[in-house]
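Student: Let me begin by handing over the structure; questions about it come next.
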Amino acid sequence: MTSELLLAFYGDDFTGSTDAMEALALSGLRTVLFLAPPSAELLREQFPNLRCVGVAGTSRAMSPNDMDAELKPVLQALWAIGAPLMHYKVCSTFDSSPTVGNIGHVMDMAREALARGQLISLLAGAPPLRRYTVFGNHFAAMGEQIYRLDRHPTMARHPSTPMDEADLRMHLSRQTNARIALMSLPELEGDDARIDAQYAQHLQQMPDALLYDALNDTHLRAAGRLIWREAKRQQHFAVGSSGVEYALTAHWRASGVIGAERAALAAVKPVKQLLVMSGSASPMTARQIEWASANGFDALRAPSEEIVGADSALQAIGALRERARKSLAGGKSVVIYSTAGPDDPSIKLTRERLAADAKAANSAKLLGGALGRLARDLLLESGLRRVVIAGGDTSSYATQELGLYALEMQHELTPGAPLCRGYSNDARFDGLEIALKGGQMGNADYFGLARGQRG
């Protein structure tokens, strides 16, 4: 569709999508993230000279059947844009299962319907985010510590997709029959000729996918060179975290495709009040809520076990709305949260409530949609122009309720969770400042940073 495009990507949740956008934008590549595949007319008339285009999705919470119905047409539309490389962006903790967010199913879908029979590149490690893959095993940071994924305090106990296997090849073997080879750390070190020889040996075995280790920037740059070489040969499909973007931009800088200078973005302007909606069960988000409560925010619990109930949702949301209105009218910033960490009793109560209702949808969709509608009402009534939505699944569903059709990074807050400008056909929401924060992203004072305070 346009020769200027380098990359098209689909994010399996909204926070992960802004993470990928950030990695590209900070390298000086204008990137816009859409909520649905953009038409050629929209790109041509409103977003000329884009270098990268993304679509923020919800497939992290989908079943394989839902992926076939909802995801496949979106991937086909993105593939048709014609960028040399298409990236299926997943969380840097790779959380997925055979029944929810099945990454292997997407790989099979891509090899059948898009990159027919071609090798798929796999890269989960993202050292700038403190995510590492070592001899196929994945590690992720929490606080000052690095944990193997199956021993990670959050991911090993994730409420939807607990990660009980750190070896990504073993993990994916439960989701696909694809043969997965590994480009290990020693094979990614040395000069280009040596790395190319190791790569060629793997290709001789004709794997369906090739997983790259990543411990540091050297490994990222080497992986980026090999992935981009495949994309230059023919349109290529990659699966992984924003490590894919970090790898590509490292290679593009080294080879002169893009400039060497990091993009300079304006500092965040302080605002008097901030609205935060959180559906995250992460311990880090719990710390951020605690920090906010101690630093001038009103922290209001959203009773998720009532919000997901057909007979109790209306009253629960109504009561929560009134409490939030009073706080905002009194000049307070507000955090509305459904859980305070993975041990919050509301998680068990919500699951029990859903299990008792045969017609109930998944909790993320019910809760995220409800929080999104509440945020929409509160923003309109208060006139606030900045909002944070925390939690990957929550962000995906809540953002759709705000009437936005695209996002573009404007300011840095913390790696992986930037402050963005929203695009909307509704003048009341066009230009809305919004940050989508994954559960583990940021330090304790993240909501303060989003409000514009420093130090």
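Residues in the structure tokens are numbered from 1 in each chain, the chains being A, B, ... in the order shown, and ligands are numbered from 1 in the order shown.
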Got a sec: who's within 7 Å of Thr176 in chain A, counting only C-alpha atoms, leaving out chain neighbours fewer than 3 positions off, as a list in words?
Tutor: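 Result of the neighbour search: Gly104, His105, Leu172 and Ser173 of chain A.
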Student: Could you pull out all residues of range 189-352 of chain A with a DSSP call of alpha helix (DSSP H) and give them as a VMD selection string?
Tutor: chain A and resid 192 to 204 217 to 233 243 to 255 283 to 294 304 to 307 313 to 329 345 to 352
Student: Need to verify the contact set: Met277 in chain A, 7 Å, only C-alpha atoms, exclusion of same-chain residues closer than 6 positions in sequence. Can you return it as a short mmCIF file (atom, residue, chain, number, x, y, z; two decimals) with C-alpha atoms, in the first residue's frame?
Tutor:
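And here is the file that came out, out_4.cif:
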```cif
data_model
loop_
_atom_site.label_atom_id
_atom_site.label_comp_id
_atom_site.auth_asym_id
_atom_site.auth_seq_id
_atom_site.Cartn_x
_atom_site.Cartn_y
_atom_site.Cartn_z
CA VAL A 335 -8.11 5.66 41.37
CA ILE A 336 -10.90 3.17 40.79
CA TYR A 337 -9.58 -0.37 41.22
CA LEU A 371 -14.83 0.46 33.81
CA VAL A 388 -4.74 6.03 32.96
CA ILE A 389 -6.11 2.52 32.47
CA ALA A 390 -4.15 -0.24 34.21
#
```
Student: If we count only C-alpha atoms, what is near range 42-57 of chain A at a cut-off of 6 Å, once residues fewer than 5 positions away on the same chain are taken out, given as a list in words?
Tutor: Glu4, Leu5, Leu6, Leu7, Ala8, Phe9, Tyr10, Gly11, Asp12, Asp13, Phe14, Ser17, Leu29, Arg30, Thr31, Val32, Leu33, Phe34, Leu35 and Ala36 of chain A
Student: Env of Ala197 in chain A: 12 Å cut, atoms = only C-alpha atoms, seq-sep filter 6 positions within chain, self excluded. Answer as a ChimeraX atom specification.
Tutor: /A:183,187-191,203-204,226
Student: Now that the selection is made, can you save its residues with N, CA and C atoms as a tab-separated table (two decimals), in the first residue's frame?
Tutor:
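Generated file (out_36.tsv):
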```
chain	number	residue	atom	x	y	z
A	183	MET	N	17.81	-20.31	18.22
A	183	MET	CA	19.05	-19.59	17.96
A	183	MET	C	19.56	-19.12	19.32
A	187	GLU	N	25.21	-18.71	19.61
A	187	GLU	CA	25.04	-18.62	18.16
A	187	GLU	C	24.75	-17.20	17.69
A	188	LEU	N	24.42	-16.31	18.63
A	188	LEU	CA	24.13	-14.92	18.29
A	188	LEU	C	25.31	-14.00	18.58
A	189	GLU	N	26.45	-14.57	18.89
A	189	GLU	CA	27.64	-13.79	19.20
A	189	GLU	C	28.72	-14.05	18.16
A	190	GLY	N	29.58	-13.05	17.97
A	190	GLY	CA	30.61	-13.16	16.95
A	190	GLY	C	30.31	-12.26	15.77
A	191	ASP	N	31.09	-12.42	14.69
A	191	ASP	CA	30.86	-11.56	13.52
A	191	ASP	C	29.66	-12.09	12.72
A	203	LEU	N	18.26	-23.49	9.40
A	203	LEU	CA	17.32	-23.53	8.27
A	203	LEU	C	17.40	-24.85	7.51
A	204	GLN	N	18.56	-25.48	7.52
A	204	GLN	CA	18.69	-26.77	6.84
A	204	GLN	C	17.77	-27.84	7.45
A	226	LEU	N	18.81	-10.58	11.31
A	226	LEU	CA	18.33	-11.80	10.66
A	226	LEU	C	16.84	-11.73	10.32
```
